[in-house]
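Novice: So that you have it, the file is data-v1.cif, and it contains mmCIF, C-alpha atoms (C1' of nucleotides):
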```cif
data_structure
loop_
_atom_site.label_atom_id
_atom_site.label_comp_id
_atom_site.auth_asym_id
_atom_site.auth_seq_id
_atom_site.Cartn_x
_atom_site.Cartn_y
_atom_site.Cartn_z
CA MET D 1 113.25 110.03 105.73
CA ILE D 2 114.41 106.47 106.16
CA GLY D 3 117.95 107.06 107.37
CA ASP D 4 117.72 105.58 110.82
CA ARG D 5 118.29 102.22 112.36
CA TRP D 6 114.70 101.02 112.20
CA SER D 7 112.76 102.48 109.30
CA LEU D 8 114.24 100.18 106.70
CA LEU D 9 113.65 97.15 108.91
CA ILE D 10 110.04 98.19 109.49
CA LEU D 11 109.55 98.56 105.76
CA ARG D 12 111.10 95.19 105.09
CA ASP D 13 108.60 93.65 107.47
CA ALA D 14 105.81 95.59 105.82
CA PHE D 15 106.76 94.01 102.49
CA ARG D 16 106.71 90.60 104.15
CA GLY D 17 103.18 91.24 105.35
CA VAL D 18 103.89 92.13 108.97
CA ARG D 19 101.47 94.97 109.57
CA ARG D 20 100.42 95.10 113.22
CA PHE D 21 102.01 96.92 116.08
CA ASP D 22 102.68 93.95 118.30
CA GLU D 23 103.84 91.76 115.45
CA LEU D 24 106.37 94.38 114.45
CA ALA D 25 107.52 94.93 118.01
CA ALA D 26 108.03 91.21 118.58
CA ASP D 27 109.69 90.55 115.25
CA LEU D 28 112.12 93.47 115.31
CA GLY D 29 112.86 93.70 119.00
CA ILE D 30 112.37 97.46 118.75
CA ALA D 31 111.27 99.49 121.78
CA ARG D 32 107.54 100.11 121.60
CA ASN D 33 107.75 103.88 121.92
CA LEU D 34 110.23 104.03 119.06
CA LEU D 35 108.06 101.80 116.94
CA ALA D 36 105.11 104.09 117.57
CA ASP D 37 107.22 107.09 116.63
CA ARG D 38 108.71 105.52 113.49
CA LEU D 39 105.33 104.34 112.27
CA GLN D 40 103.90 107.81 112.79
CA LYS D 41 106.75 109.36 110.82
CA LEU D 42 106.42 106.88 108.00
CA VAL D 43 102.70 107.66 107.89
CA ASP D 44 103.46 111.41 107.90
CA HIS D 45 105.81 110.90 104.97
CA GLY D 46 103.09 109.02 103.12
CA ILE D 47 105.07 105.79 102.94
CA LEU D 48 102.67 103.81 105.13
CA VAL D 49 98.95 104.23 105.65
CA LYS D 50 97.23 103.44 108.94
CA GLN D 51 93.88 101.79 108.61
CA PRO D 52 91.53 100.06 111.03
CA TYR D 53 91.06 96.34 110.43
CA GLN D 54 88.39 95.94 113.13
CA GLN D 55 86.05 97.99 115.31
CA ARG D 56 85.40 97.40 119.00
CA PRO D 57 88.12 97.79 119.94
CA VAL D 58 89.53 99.78 117.06
CA ARG D 59 92.72 98.15 115.88
CA TYR D 60 94.98 99.51 113.21
CA GLU D 61 97.33 98.02 110.74
CA TYR D 62 100.04 99.73 108.73
CA ARG D 63 100.11 99.11 105.02
CA LEU D 64 102.39 100.32 102.30
CA SER D 65 101.14 103.18 100.18
CA ALA D 66 102.02 103.42 96.49
CA LYS D 67 105.01 105.50 97.54
CA GLY D 68 105.98 102.74 99.95
CA VAL D 69 105.60 99.99 97.38
CA ASP D 70 107.91 101.96 95.12
CA LEU D 71 110.68 101.42 97.65
CA SER D 72 110.61 97.76 96.70
CA PRO D 73 113.63 97.87 94.36
CA ALA D 74 115.73 99.56 97.02
CA LEU D 75 114.76 97.05 99.70
CA VAL D 76 115.33 94.17 97.33
CA ALA D 77 118.73 95.48 96.39
CA LEU D 78 119.76 95.85 100.03
CA MET D 79 118.51 92.38 100.81
CA ARG D 80 120.51 90.84 98.03
CA TRP D 81 123.58 92.76 99.09
CA GLY D 82 123.21 91.51 102.65
CA ASP D 83 122.73 87.96 101.46
CA LYS D 84 125.85 88.09 99.40
CA HIS D 85 128.23 89.95 101.67
CA ILE D 86 127.08 89.28 105.19
CA LEU D 87 125.77 85.77 104.99
CA GLY D 88 128.06 84.46 102.30
CA GLU D 89 125.82 83.23 99.53
CA SER D 90 123.34 81.20 101.58
CA PRO D 91 120.32 83.51 101.67
CA PRO D 92 117.60 82.75 104.24
CA VAL D 93 114.99 83.83 101.72
CA VAL D 94 115.02 84.11 97.98
CA LEU D 95 112.68 86.19 95.86
CA VAL D 96 110.88 84.31 93.18
CA HIS D 97 108.40 85.06 90.42
CA ASP D 98 104.97 84.06 91.73
CA ARG D 99 103.91 82.56 88.41
CA CYS D 100 106.85 80.29 87.73
CA GLY D 101 108.85 80.26 90.99
CA THR D 102 112.12 81.25 89.33
CA PRO D 103 114.57 83.25 91.46
CA LEU D 104 114.71 86.83 90.22
CA GLU D 105 117.56 88.95 88.92
CA GLN D 106 117.91 92.64 89.51
CA THR D 107 119.63 94.66 86.82
CA LEU D 108 120.22 98.13 85.57
CA THR D 109 119.63 98.08 81.86
CA CYS D 110 120.23 100.39 78.95
CA PRO D 111 117.06 100.43 76.84
CA GLN D 112 119.09 101.64 73.84
CA CYS D 113 121.80 98.99 73.90
CA ALA D 114 119.39 96.41 75.34
CA GLU D 115 121.96 95.08 77.76
CA ALA D 116 122.76 95.05 81.45
CA VAL D 117 125.01 97.85 82.67
CA THR D 118 127.71 97.35 85.29
CA PRO D 119 128.27 99.96 88.03
CA ARG D 120 131.48 101.14 86.35
CA ALA D 121 129.63 101.93 83.13
CA ILE D 122 127.25 104.32 84.86
CA LYS D 123 127.76 108.04 84.43
CA SER D 124 125.69 110.73 86.12
CA ARG D 125 124.53 113.86 84.35
CA PRO D 126 122.65 116.96 85.53
CA GLY D 127 118.92 116.43 85.04
CA PRO D 128 115.98 118.81 84.58
CA GLY D 129 115.83 119.61 88.30
CA ALA D 130 119.49 120.57 88.66
CA VAL D 131 120.43 123.77 90.48
CA ARG D 132 123.49 125.96 90.00
CA SER D 133 125.34 125.04 93.19
CA PRO D 134 124.24 121.89 94.96
CA LYS D 135 126.61 122.68 97.87
CA ASN D 136 125.19 123.40 101.28
CA THR D 137 121.60 122.75 100.32
CA ARG D 138 120.10 121.30 103.48
CA ARG D 139 119.02 117.73 103.00
CA SER D 140 116.62 115.59 104.99
CA ALA D 141 116.34 112.18 103.36
CA MET K 142 125.85 98.45 109.06
CA ILE K 143 124.47 101.35 107.07
CA GLY K 144 121.38 102.10 109.12
CA ASP K 145 122.21 105.56 110.33
CA ARG K 146 121.68 109.07 109.14
CA TRP K 147 125.01 109.46 107.35
CA SER K 148 126.39 106.19 106.01
CA LEU K 149 124.16 106.09 102.97
CA LEU K 150 124.94 109.71 102.17
CA ILE K 151 128.66 109.07 102.51
CA LEU K 152 128.36 106.12 100.17
CA ARG K 153 126.40 108.15 97.66
CA ASP K 154 129.20 110.68 97.62
CA ALA K 155 131.75 107.89 97.28
CA PHE K 156 129.94 106.72 94.15
CA ARG K 157 130.02 110.27 92.83
CA GLY K 158 133.78 110.36 93.31
CA VAL K 159 133.94 112.38 96.51
CA ARG K 160 136.68 110.60 98.40
CA ARG K 161 138.52 113.02 100.66
CA PHE K 162 137.80 113.93 104.22
CA ASP K 163 137.33 117.65 103.77
CA GLU K 164 135.35 117.25 100.57
CA LEU K 165 132.93 114.93 102.32
CA ALA K 166 132.66 117.17 105.36
CA ALA K 167 131.91 120.23 103.24
CA ASP K 168 129.51 118.48 100.89
CA LEU K 169 127.47 116.70 103.55
CA GLY K 170 127.58 119.23 106.37
CA ILE K 171 128.37 116.38 108.76
CA ALA K 172 130.31 117.01 111.96
CA ARG K 173 133.96 116.10 111.44
CA ASN K 174 134.22 113.72 114.36
CA LEU K 175 131.19 111.81 113.14
CA LEU K 176 132.57 111.66 109.64
CA ALA K 177 135.81 110.23 111.01
CA ASP K 178 133.83 107.67 112.99
CA ARG K 179 131.56 106.67 110.11
CA LEU K 180 134.45 106.32 107.69
CA GLN K 181 136.28 104.13 110.18
CA LYS K 182 133.23 101.93 110.60
CA LEU K 183 132.69 101.62 106.87
CA VAL K 184 136.35 100.64 106.53
CA ASP K 185 135.96 98.12 109.37
CA HIS K 186 132.99 96.61 107.55
CA GLY K 187 135.03 96.35 104.38
CA ILE K 188 132.78 98.67 102.40
CA LEU K 189 135.40 101.37 101.95
CA VAL K 190 139.18 101.12 101.79
CA LYS K 191 141.50 103.84 103.04
CA GLN K 192 144.52 104.44 100.88
CA PRO K 193 147.16 107.18 100.72
CA TYR K 194 147.05 109.30 97.60
CA GLN K 195 150.21 111.27 98.46
CA GLN K 196 153.21 111.17 100.76
CA ARG K 197 154.66 114.18 102.59
CA PRO K 198 152.26 114.82 104.15
CA VAL K 199 150.48 111.48 104.02
CA ARG K 200 146.93 112.04 102.91
CA TYR K 201 144.28 109.40 102.62
CA GLU K 202 141.25 108.91 100.46
CA TYR K 203 138.38 106.55 100.89
CA ARG K 204 137.42 104.36 97.97
CA LEU K 205 134.72 101.77 97.52
CA SER K 206 135.76 98.16 97.87
CA ALA K 207 134.12 95.44 95.75
CA LYS K 208 131.63 95.02 98.57
CA GLY K 209 130.95 98.73 98.45
CA VAL K 210 130.52 98.79 94.69
CA ASP K 211 127.97 96.02 95.07
CA LEU K 212 125.78 98.45 96.98
CA SER K 213 125.29 100.32 93.74
CA PRO K 214 121.87 98.85 92.89
CA ALA K 215 120.54 99.76 96.32
CA LEU K 216 121.82 103.33 96.14
CA VAL K 217 120.53 103.72 92.62
CA ALA K 218 117.11 102.45 93.65
CA LEU K 219 116.94 104.85 96.58
CA MET K 220 118.01 107.72 94.38
CA ARG K 221 115.34 107.01 91.83
CA TRP K 222 112.75 106.71 94.56
CA GLY K 223 113.75 110.07 95.99
CA ASP K 224 113.65 111.68 92.57
CA LYS K 225 110.18 110.38 91.94
CA HIS K 226 108.51 110.93 95.29
CA ILE K 227 110.33 113.79 96.94
CA LEU K 228 111.27 115.98 94.03
CA GLY K 229 108.36 115.19 91.77
CA GLU K 230 109.87 113.89 88.57
CA SER K 231 112.51 116.53 87.98
CA PRO K 232 115.67 114.73 89.05
CA PRO K 233 118.80 116.82 89.66
CA VAL K 234 120.92 114.05 88.22
CA VAL K 235 120.14 111.20 85.89
CA LEU K 236 122.14 108.04 85.45
CA VAL K 237 123.18 107.28 81.93
CA HIS K 238 125.08 104.58 80.09
CA ASP K 239 128.61 105.90 79.54
CA ARG K 240 128.81 104.48 76.02
CA CYS K 241 125.61 105.85 74.56
CA GLY K 242 124.35 108.38 77.13
CA THR K 243 120.89 106.81 77.41
CA PRO K 244 119.12 107.15 80.78
CA LEU K 245 119.03 103.78 82.51
CA GLU K 246 116.17 101.61 83.72
CA GLN K 247 116.28 99.48 86.82
CA THR K 248 114.22 96.32 86.78
CA LEU K 249 113.68 93.05 88.52
CA THR K 250 113.48 90.40 85.88
CA CYS K 251 112.50 86.77 85.68
CA PRO K 252 115.15 84.95 83.64
CA GLN K 253 112.67 82.14 82.89
CA CYS K 254 109.80 84.28 81.60
CA ALA K 255 112.23 86.91 80.25
CA GLU K 256 110.09 89.76 81.48
CA ALA K 257 110.08 92.49 84.09
CA VAL K 258 108.40 91.61 87.38
CA THR K 259 106.27 94.06 89.37
CA PRO K 260 106.53 94.22 93.19
CA ARG K 261 103.16 92.48 93.55
CA ALA K 262 104.34 89.49 91.56
CA ILE K 263 107.24 88.84 93.92
CA LYS K 264 107.01 85.96 96.36
CA SER K 265 109.62 85.08 98.95
CA ARG K 266 110.67 81.54 99.75
CA PRO K 267 113.03 80.05 102.32
CA GLY K 268 116.51 79.75 100.82
CA PRO K 269 119.48 77.48 101.57
CA GLY K 270 120.48 79.53 104.64
CA ALA K 271 117.07 79.44 106.32
CA VAL K 272 116.84 78.63 110.02
CA ARG K 273 113.95 77.07 111.93
CA SER K 274 112.81 80.18 113.80
CA PRO K 275 114.04 83.51 112.50
CA LYS K 276 112.39 85.28 115.46
CA ASN K 277 114.56 87.14 117.92
CA THR K 278 117.79 86.56 116.09
CA ARG K 279 119.82 89.68 116.81
CA ARG K 280 120.39 91.68 113.68
CA SER K 281 122.99 94.33 112.94
CA ALA K 282 122.53 95.54 109.38
"C1'" DC N 283 79.69 89.52 137.45
"C1'" DG N 284 85.09 89.19 138.14
"C1'" DG N 285 89.56 88.28 136.38
"C1'" DA N 286 92.91 87.28 132.86
"C1'" DG N 287 94.51 88.28 128.31
"C1'" DT N 288 95.26 91.11 123.91
"C1'" DC N 289 96.30 95.15 121.35
"C1'" DG N 290 98.11 99.65 120.68
"C1'" DG N 291 100.04 102.59 122.54
"C1'" DT N 292 102.27 106.49 126.52
"C1'" DT N 293 105.45 107.89 130.35
"C1'" DG N 294 109.89 108.37 132.74
"C1'" DC N 295 114.61 107.79 133.16
"C1'" DA N 296 119.38 106.41 131.96
"C1'" DA N 297 122.52 105.59 128.18
"C1'" DA N 298 124.07 106.34 123.67
"C1'" DA N 299 124.48 109.17 119.63
"C1'" DC N 300 124.85 113.53 117.58
"C1'" DT N 301 126.19 118.70 116.89
"C1'" DC N 302 129.16 122.48 117.28
"C1'" DA N 303 133.26 124.72 117.82
"C1'" DA N 304 137.90 124.81 118.88
"C1'" DC N 305 142.37 122.68 118.68
"C1'" DT N 306 146.48 119.72 116.86
"C1'" DG N 307 150.14 118.20 113.81
"C1'" DA N 308 152.36 117.55 109.59
"C1'" DC N 309 153.26 119.66 105.87
"C1'" DT N 310 153.38 123.44 101.68
"C1'" DC N 311 153.72 127.76 99.63
"C1'" DA N 312 154.91 132.89 99.38
"C1'" DT W 313 158.29 133.90 109.20
"C1'" DG W 314 153.50 133.48 108.67
"C1'" DA W 315 149.30 131.94 106.49
"C1'" DG W 316 146.89 128.07 104.63
"C1'" DT W 317 145.52 123.00 103.71
"C1'" DC W 318 144.26 118.44 105.08
"C1'" DA W 319 142.90 114.95 108.20
"C1'" DG W 320 141.66 114.34 111.89
"C1'" DT W 321 140.90 114.67 117.75
"C1'" DT W 322 138.91 116.63 121.96
"C1'" DG W 323 135.38 118.33 124.88
"C1'" DA W 324 130.99 120.33 126.18
"C1'" DG W 325 126.17 120.40 125.52
"C1'" DT W 326 121.86 118.78 123.24
"C1'" DT W 327 118.99 115.27 121.13
"C1'" DT W 328 117.67 110.69 120.24
"C1'" DT W 329 117.30 105.81 121.76
"C1'" DG W 330 116.61 101.80 124.63
"C1'" DC W 331 114.26 99.68 128.39
"C1'" DA W 332 110.80 98.73 131.50
"C1'" DA W 333 106.65 99.74 133.45
"C1'" DC W 334 102.10 101.43 133.02
"C1'" DC W 335 97.33 102.59 130.83
"C1'" DG W 336 92.78 102.09 128.59
"C1'" DA W 337 89.58 99.80 125.72
"C1'" DC W 338 87.99 95.87 124.76
"C1'" DT W 339 87.15 90.36 124.55
"C1'" DC W 340 86.84 85.86 126.26
"C1'" DC W 341 86.08 82.48 129.97
"C1'" DG W 342 83.63 80.57 133.83
#
```
Reformat the file's structure so that it appears as structure tokens.
Specialist:
Amino acid sequence: MIGDRWSLLILRDAFRGVRRFDELAADLGIARNLLADRLQKLVDHGILVKQPYQQRPVRYEYRLSAKGVDLSPALVALMRWGDKHILGESPPVVLVHDRCGTPLEQTLTCPQCAEAVTPRAIKSRPGPGAVRSPKNTRRSA
Amino acid sequence: MIGDRWSLLILRDAFRGVRRFDELAADLGIARNLLADRLQKLVDHGILVKQPYQQRPVRYEYRLSAKGVDLSPALVALMRWGDKHILGESPPVVLVHDRCGTPLEQTLTCPQCAEAVTPRAIKSRPGPGAVRSPKNTRRSA
DNA sequence: CGGAGTCGGTTGCAAAACTCAACTGACTCA
DNA sequence: TGAGTCAGTTGAGTTTTGCAACCGACTCCG
């Protein structure tokens, strides 16, 4: 659903509060027809919702749905990765807690052991939705 | 760098331990020439490393570099999102702590307040690498 | 009233990316 | 000798993008 060159960038802008067609087009440098198409697809997938913000003429803005907001951890993780590995530790933006302004940490934690878990200490296990042979099942996300 | 239909899927497989050309091709259903191209690009970007696992004939496998391993939080976040919103709460795999087997939680935390932070309580702020006008800077990730 | 500007798109065409299927080359195993 | 495995490459054909121009509804200015 979001595996193309633009969808993730559009969503990042959506999180930053960029919601209007022309704002997105100008900020991303995306072709307008593609932007129209991507927005429509994101709306179809229920990640964004299109709502009018004025009548006469009707103008729309694209906001994140609950499903879209839930992508936050993924976007945040990608952003931090980019900051670290592409830009070399001098991030153009940092995420902070709105109450106290402290830069945030993202961690995977074990509620049992009450500690952070490193990637190497992660195991995967079949869950309730597992099927017999996951091979060749057509995927789309 | 990873904004295409396959790179994220290849990386997911890499995390699961799928490292060989034919394994990846069979598991993903990707065209072989594209797989070759994507692997090469991921190697060029330093996300994967290509190393021989046998001589006579020389055969290579693709492993995650440190930079690649650092993508873990992003992949994990996307996986959890997919489980929740596409499959409706019956995940085919769950991530567990290898020591105790407990399913893991992913959170954004404020080290100052020592509590989890919801997406709505996140603010962004210019960081040390900020530039005057971030508009129209060509991006590639 | 006329003309310029804004916003949110659509249309058309060339260029790039992707899919599919077949082929290669080095080697192993029976 | 012949079949099979692995890691690709090659080529033809289809689909998706990128770019630029255009459109329609409306507002604002004089």
Novice: Please expand the PyMOL selection byres ((chain N) within 8 of (chain K)) into the concrete residues it hits in this file, giving the result as a list of chain:residue names.
Specialist: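 Applying the expression gives N:DC300, N:DT301, N:DC302, N:DA308, N:DC309.
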Novice: Report the distance between atom C1' of N:DC311 and atom C1' of W:DA315 in Å, rounded to one decimal place.
Specialist: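 Atom C1' of W:DA315 lies at a distance of 9.2 Å from atom C1' of N:DC311.
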Novice: Please measure the separation of atom CA of D:Asp37 and atom CA of D:Glu23, giving the value in Å to one decimal.
Specialist: 15.7 Å
Novice: May I ask which of the residues D:Leu42, D:Leu48, D:Ala116, D:Val96 is the closest one to chain K, counting all atoms listed in the file?
Specialist: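 Residue with the minimum atom-to-atom distance to chain K: D:Val96.
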Novice: Could you tell me which residues the PyMOL selection byres ((chain N and resi 292) around 9) returns for this structure, as number ranges by chain?
Specialist: D: 33; N: 291, 293; W: 334-335
Novice: So what does the PyMOL selection byres ((chain W) within 9 of (chain D)) actually pick up in this one, as a list in words?
Specialist: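 For this structure, the PyMOL selection byres ((chain W) within 9 of (chain D)) resolves to DT329, DG330, DC331, DA337, DC338 and DT339 of chain W.
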Novice: Residues near D:Lys67, anyone? I mean within 8 Å using only C-alpha atoms (C1' of nucleotides), not counting same-chain ones fewer than 4 positions away, as a PyMOL selection string.
Specialist: (chain D and resi 46-47+71) or (chain K and resi 226)
Novice: After superposing chain D onto chain K (least squares, all C-alpha atoms, pairing by order), export the transformed chain as a short mmCIF file (atom, residue, chain, number, x, y, z; two decimals) with C-alpha atoms, in the coordinates of the input.
Specialist:
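Result written to result24.cif:
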```
data_model
loop_
_atom_site.label_atom_id
_atom_site.label_comp_id
_atom_site.auth_asym_id
_atom_site.auth_seq_id
_atom_site.Cartn_x
_atom_site.Cartn_y
_atom_site.Cartn_z
CA MET D 1 125.86 98.41 109.01
CA ILE D 2 124.50 101.31 107.03
CA GLY D 3 121.37 102.07 109.02
CA ASP D 4 122.19 105.53 110.24
CA ARG D 5 121.66 109.02 109.02
CA TRP D 6 125.00 109.43 107.29
CA SER D 7 126.40 106.18 105.96
CA LEU D 8 124.19 106.07 102.90
CA LEU D 9 124.96 109.71 102.11
CA ILE D 10 128.69 109.07 102.46
CA LEU D 11 128.40 106.12 100.11
CA ARG D 12 126.44 108.14 97.61
CA ASP D 13 129.24 110.68 97.57
CA ALA D 14 131.78 107.91 97.24
CA PHE D 15 129.99 106.74 94.09
CA ARG D 16 130.08 110.29 92.78
CA GLY D 17 133.83 110.38 93.27
CA VAL D 18 134.00 112.39 96.49
CA ARG D 19 136.74 110.61 98.38
CA ARG D 20 138.56 113.01 100.70
CA PHE D 21 137.79 113.91 104.26
CA ASP D 22 137.34 117.62 103.79
CA GLU D 23 135.40 117.24 100.57
CA LEU D 24 132.97 114.92 102.30
CA ALA D 25 132.66 117.16 105.33
CA ALA D 26 131.94 120.22 103.19
CA ASP D 27 129.56 118.47 100.84
CA LEU D 28 127.48 116.68 103.47
CA GLY D 29 127.57 119.20 106.28
CA ILE D 30 128.34 116.35 108.67
CA ALA D 31 130.25 116.98 111.90
CA ARG D 32 133.89 116.09 111.42
CA ASN D 33 134.11 113.70 114.35
CA LEU D 34 131.10 111.78 113.07
CA LEU D 35 132.55 111.65 109.60
CA ALA D 36 135.76 110.23 111.01
CA ASP D 37 133.79 107.65 112.95
CA ARG D 38 131.52 106.66 110.05
CA LEU D 39 134.44 106.32 107.67
CA GLN D 40 136.26 104.13 110.17
CA LYS D 41 133.21 101.90 110.56
CA LEU D 42 132.70 101.61 106.83
CA VAL D 43 136.36 100.65 106.51
CA ASP D 44 135.98 98.10 109.34
CA HIS D 45 133.02 96.59 107.51
CA GLY D 46 135.09 96.35 104.35
CA ILE D 47 132.83 98.66 102.37
CA LEU D 48 135.45 101.39 101.92
CA VAL D 49 139.21 101.13 101.77
CA LYS D 50 141.52 103.86 103.05
CA GLN D 51 144.55 104.48 100.93
CA PRO D 52 147.19 107.20 100.83
CA TYR D 53 147.18 109.33 97.69
CA GLN D 54 150.31 111.29 98.64
CA GLN D 55 153.25 111.19 101.05
CA ARG D 56 154.61 114.16 102.98
CA PRO D 57 152.21 114.80 104.47
CA VAL D 58 150.40 111.49 104.25
CA ARG D 59 146.90 112.08 102.99
CA TYR D 60 144.25 109.44 102.65
CA GLU D 61 141.30 108.94 100.44
CA TYR D 62 138.39 106.56 100.88
CA ARG D 63 137.47 104.37 97.97
CA LEU D 64 134.79 101.80 97.49
CA SER D 65 135.81 98.18 97.82
CA ALA D 66 134.19 95.48 95.70
CA LYS D 67 131.70 95.03 98.52
CA GLY D 68 131.02 98.76 98.40
CA VAL D 69 130.58 98.83 94.64
CA ASP D 70 128.03 96.05 95.01
CA LEU D 71 125.83 98.47 96.93
CA SER D 72 125.36 100.35 93.68
CA PRO D 73 121.93 98.89 92.84
CA ALA D 74 120.61 99.78 96.28
CA LEU D 75 121.90 103.35 96.09
CA VAL D 76 120.57 103.73 92.58
CA ALA D 77 117.18 102.45 93.61
CA LEU D 78 117.00 104.87 96.54
CA MET D 79 118.06 107.74 94.34
CA ARG D 80 115.37 107.02 91.81
CA TRP D 81 112.79 106.70 94.54
CA GLY D 82 113.80 110.07 95.97
CA ASP D 83 113.68 111.67 92.55
CA LYS D 84 110.22 110.39 91.93
CA HIS D 85 108.56 110.91 95.29
CA ILE D 86 110.37 113.78 96.93
CA LEU D 87 111.28 115.97 94.03
CA GLY D 88 108.35 115.19 91.79
CA GLU D 89 109.83 113.88 88.57
CA SER D 90 112.49 116.54 87.97
CA PRO D 91 115.66 114.71 89.02
CA PRO D 92 118.78 116.82 89.62
CA VAL D 93 120.88 114.05 88.13
CA VAL D 94 120.08 111.20 85.82
CA LEU D 95 122.09 108.04 85.37
CA VAL D 96 123.09 107.29 81.85
CA HIS D 97 124.98 104.59 79.99
CA ASP D 98 128.51 105.91 79.42
CA ARG D 99 128.69 104.51 75.90
CA CYS D 100 125.47 105.88 74.47
CA GLY D 101 124.22 108.39 77.07
CA THR D 102 120.78 106.81 77.36
CA PRO D 103 119.04 107.14 80.74
CA LEU D 104 118.97 103.77 82.47
CA GLU D 105 116.12 101.62 83.71
CA GLN D 106 116.24 99.49 86.80
CA THR D 107 114.18 96.32 86.79
CA LEU D 108 113.66 93.06 88.54
CA THR D 109 113.44 90.41 85.88
CA CYS D 110 112.45 86.79 85.69
CA PRO D 111 115.08 84.98 83.62
CA GLN D 112 112.58 82.19 82.90
CA CYS D 113 109.71 84.33 81.65
CA ALA D 114 112.12 86.94 80.27
CA GLU D 115 110.02 89.81 81.51
CA ALA D 116 110.03 92.52 84.14
CA VAL D 117 108.36 91.63 87.42
CA THR D 118 106.25 94.08 89.41
CA PRO D 119 106.53 94.25 93.22
CA ARG D 120 103.16 92.52 93.62
CA ALA D 121 104.34 89.52 91.62
CA ILE D 122 107.25 88.86 93.96
CA LYS D 123 107.01 86.00 96.42
CA SER D 124 109.63 85.13 99.02
CA ARG D 125 110.67 81.58 99.79
CA PRO D 126 113.04 80.08 102.38
CA GLY D 127 116.51 79.77 100.87
CA PRO D 128 119.49 77.51 101.61
CA GLY D 129 120.51 79.58 104.65
CA ALA D 130 117.12 79.49 106.36
CA VAL D 131 116.89 78.63 110.05
CA ARG D 132 114.02 77.03 111.94
CA SER D 133 112.81 80.10 113.83
CA PRO D 134 113.97 83.46 112.55
CA LYS D 135 112.36 85.18 115.58
CA ASN D 136 114.54 86.97 118.07
CA THR D 137 117.77 86.42 116.19
CA ARG D 138 119.77 89.54 116.96
CA ARG D 139 120.38 91.60 113.88
CA SER D 140 122.94 94.29 113.18
CA ALA D 141 122.55 95.50 109.61
#
```
Novice: My list of candidates is D:Ser7, D:Ser65, D:Thr109, D:Gln40. Which is closest to chain K when distances are computed with only C-alpha atoms?
Specialist: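 Comparing D:Ser7, D:Ser65, D:Thr109, D:Gln40 against chain K, the winner is D:Thr109.
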Novice: Could the residues of chain D that have an atom at most 7 Å from chain K be listed as a Markdown table, each with its closest atom pair and the distance in Å to one decimal, counting all atoms listed in the file and ordered by chain and ascending residue number?
Specialist:
```
| residue | atom | partner | partner_atom | distance |
| --- | --- | --- | --- | --- |
| D:Gly3 | CA | K:Arg146 | CA | 4.6 |
| D:Asp4 | CA | K:Asp145 | CA | 4.5 |
| D:Arg5 | CA | K:Gly144 | CA | 4.5 |
| D:Asp27 | CA | K:Lys276 | CA | 5.9 |
| D:Gly29 | CA | K:Asn277 | CA | 6.9 |
| D:Lys67 | CA | K:His226 | CA | 6.8 |
| D:Asp70 | CA | K:Trp222 | CA | 6.8 |
| D:Leu71 | CA | K:Trp222 | CA | 6.5 |
| D:Ser72 | CA | K:Pro260 | CA | 6.4 |
| D:Pro73 | CA | K:Ala218 | CA | 5.8 |
| D:Ala74 | CA | K:Ala218 | CA | 4.6 |
| D:Ala77 | CA | K:Ala215 | CA | 4.6 |
| D:Leu78 | CA | K:Ala215 | CA | 5.4 |
| D:Trp81 | CA | K:Leu212 | CA | 6.5 |
| D:His85 | CA | K:Lys208 | CA | 6.8 |
| D:Ser90 | CA | K:Gly270 | CA | 4.5 |
| D:Pro91 | CA | K:Gly270 | CA | 5.0 |
| D:Pro92 | CA | K:Ala271 | CA | 3.9 |
| D:Val93 | CA | K:Pro267 | CA | 4.3 |
| D:Val94 | CA | K:Arg266 | CA | 5.4 |
| D:Leu95 | CA | K:Ser265 | CA | 4.5 |
| D:Val96 | CA | K:Lys264 | CA | 5.3 |
| D:His97 | CA | K:Ile263 | CA | 5.3 |
| D:Asp98 | CA | K:Lys264 | CA | 5.4 |
| D:Thr102 | CA | K:Gln253 | CA | 6.5 |
| D:Leu104 | CA | K:Cys251 | CA | 5.0 |
| D:Glu105 | CA | K:Thr250 | CA | 5.3 |
| D:Gln106 | CA | K:Leu249 | CA | 4.4 |
| D:Thr107 | CA | K:Thr248 | CA | 5.7 |
| D:Leu108 | CA | K:Gln247 | CA | 4.3 |
| D:Thr109 | CA | K:Glu246 | CA | 5.3 |
| D:Cys110 | CA | K:Leu245 | CA | 5.1 |
| D:Pro111 | CA | K:Leu245 | CA | 6.9 |
| D:Gln112 | CA | K:Thr243 | CA | 6.5 |
| D:Pro119 | CA | K:Ser213 | CA | 6.5 |
| D:Ala121 | CA | K:Asp239 | CA | 5.4 |
| D:Ile122 | CA | K:His238 | CA | 5.2 |
| D:Lys123 | CA | K:Val237 | CA | 5.3 |
| D:Ser124 | CA | K:Leu236 | CA | 4.5 |
| D:Arg125 | CA | K:Val234 | CA | 5.3 |
| D:Pro126 | CA | K:Val234 | CA | 4.3 |
| D:Gly127 | CA | K:Val234 | CA | 4.4 |
| D:Pro128 | CA | K:Ser231 | CA | 5.4 |
| D:Gly129 | CA | K:Pro233 | CA | 4.3 |
| D:Ala130 | CA | K:Pro233 | CA | 3.9 |
| D:Lys135 | CA | K:Asp168 | CA | 5.9 |
| D:Asn136 | CA | K:Asp168 | CA | 6.6 |
```
Novice: N:DA286: which residues within 12 Å, counting only C-alpha atoms (C1' of nucleotides), same-chain residues fewer than 6 positions away excluded, as a compact mmCIF listing (two decimals) with C-alpha atoms (C1' of nucleotides), in the frame of the given file?
Specialist:
```txt
# COMPACT_ATOMS: atom_id res chain seq x y z
C1' DT W 339 87.15 90.36 124.55
C1' DC W 340 86.84 85.86 126.26
C1' DC W 341 86.08 82.48 129.97
C1' DG W 342 83.63 80.57 133.83
```
Novice: One number please: atom CA of K:Glu256 to atom CA of D:Arg12, in Å, one decimal.
Specialist: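 Straight-line distance from atom CA of K:Glu256 to atom CA of D:Arg12 works out to 24.2 Å.
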